[in-house]
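Report on one structure; see the data block that follows.
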Amino acid sequence: MDCISSLTGSNGCNLNSSFKGSDLPELFSKLGLGKYTDVFQQQEIDLQTFLTLTDQDLKELGITTFGARRKMLLAISELNKNRRKLFEPPSARTSFLEGGASGRLPRQYHADIASVSGRW
């Protein structure tokens, strides 16, 4: 199945859900680019390295057809975007930060309680 249209979400096949592994041949198979697997194995390029490649790198590897390079670059972009989401820190709650760097909020006393306790 050609999952490249999944990058645009048009065929229901999504790289995020259909590709969970770290296997480059599996990724190429899903993208319909299985014939390029040998090139990457000969050059000892794994998935982690693949995700750092540029258009120029792909040309140097001998990926000369525009369509294949475009599919690879779109997959690289999509997988890197998903990887960044995994490592982004969760957004901080503003209420936590309102009390200063320690995260503690200032104490507020109700007037009646403060007058009984003698603490203002």
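Residue numbering restarts at 1 for every chain of the structure tokens, chains are lettered A, B, ... in their displayed order, and ligands are numbered from 1 as they appear.
The protein and nucleic acid residues lying at most 10 Å from region 56-68 of chain A are A:Leu31, A:Gly32, A:Leu33, A:Tyr36, A:Val39, A:Phe40, A:Gln43, A:Phe50, A:Thr52, A:Leu53, A:Lys71, A:Met72, A:Leu73, A:Leu74, with only C-alpha atoms considered and sequence neighbours fewer than 3 positions away removed.
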Report task. Would you list the contacts of Ile76 (chain A) as a list in words, taking every protein, DNA or RNA residue within 12 Å and counting only C-alpha atoms, but skipping same-chain residues closer than 6 positions in sequence? Result ->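 Neighbouring residues, sequence-local ones excluded: Ile4, Leu7, Leu15, Asn16, Leu24, Leu27, Phe28, Leu31, Leu47, Gln48, Thr49, Phe50, Leu51, Thr52, Leu53, Thr54, Asp55, Leu58, Arg69, Arg70, Asn82 and Arg83 of chain A.
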Query - d(CA of Asp23 (chain A), CA of Glu78 (chain A)) in Å - result: 15.8 Å
Query raised in the report: Separation of CA of Ser29 (chain A) and CA of Ile45 (chain A), in Å?
Result: 15.8 Å
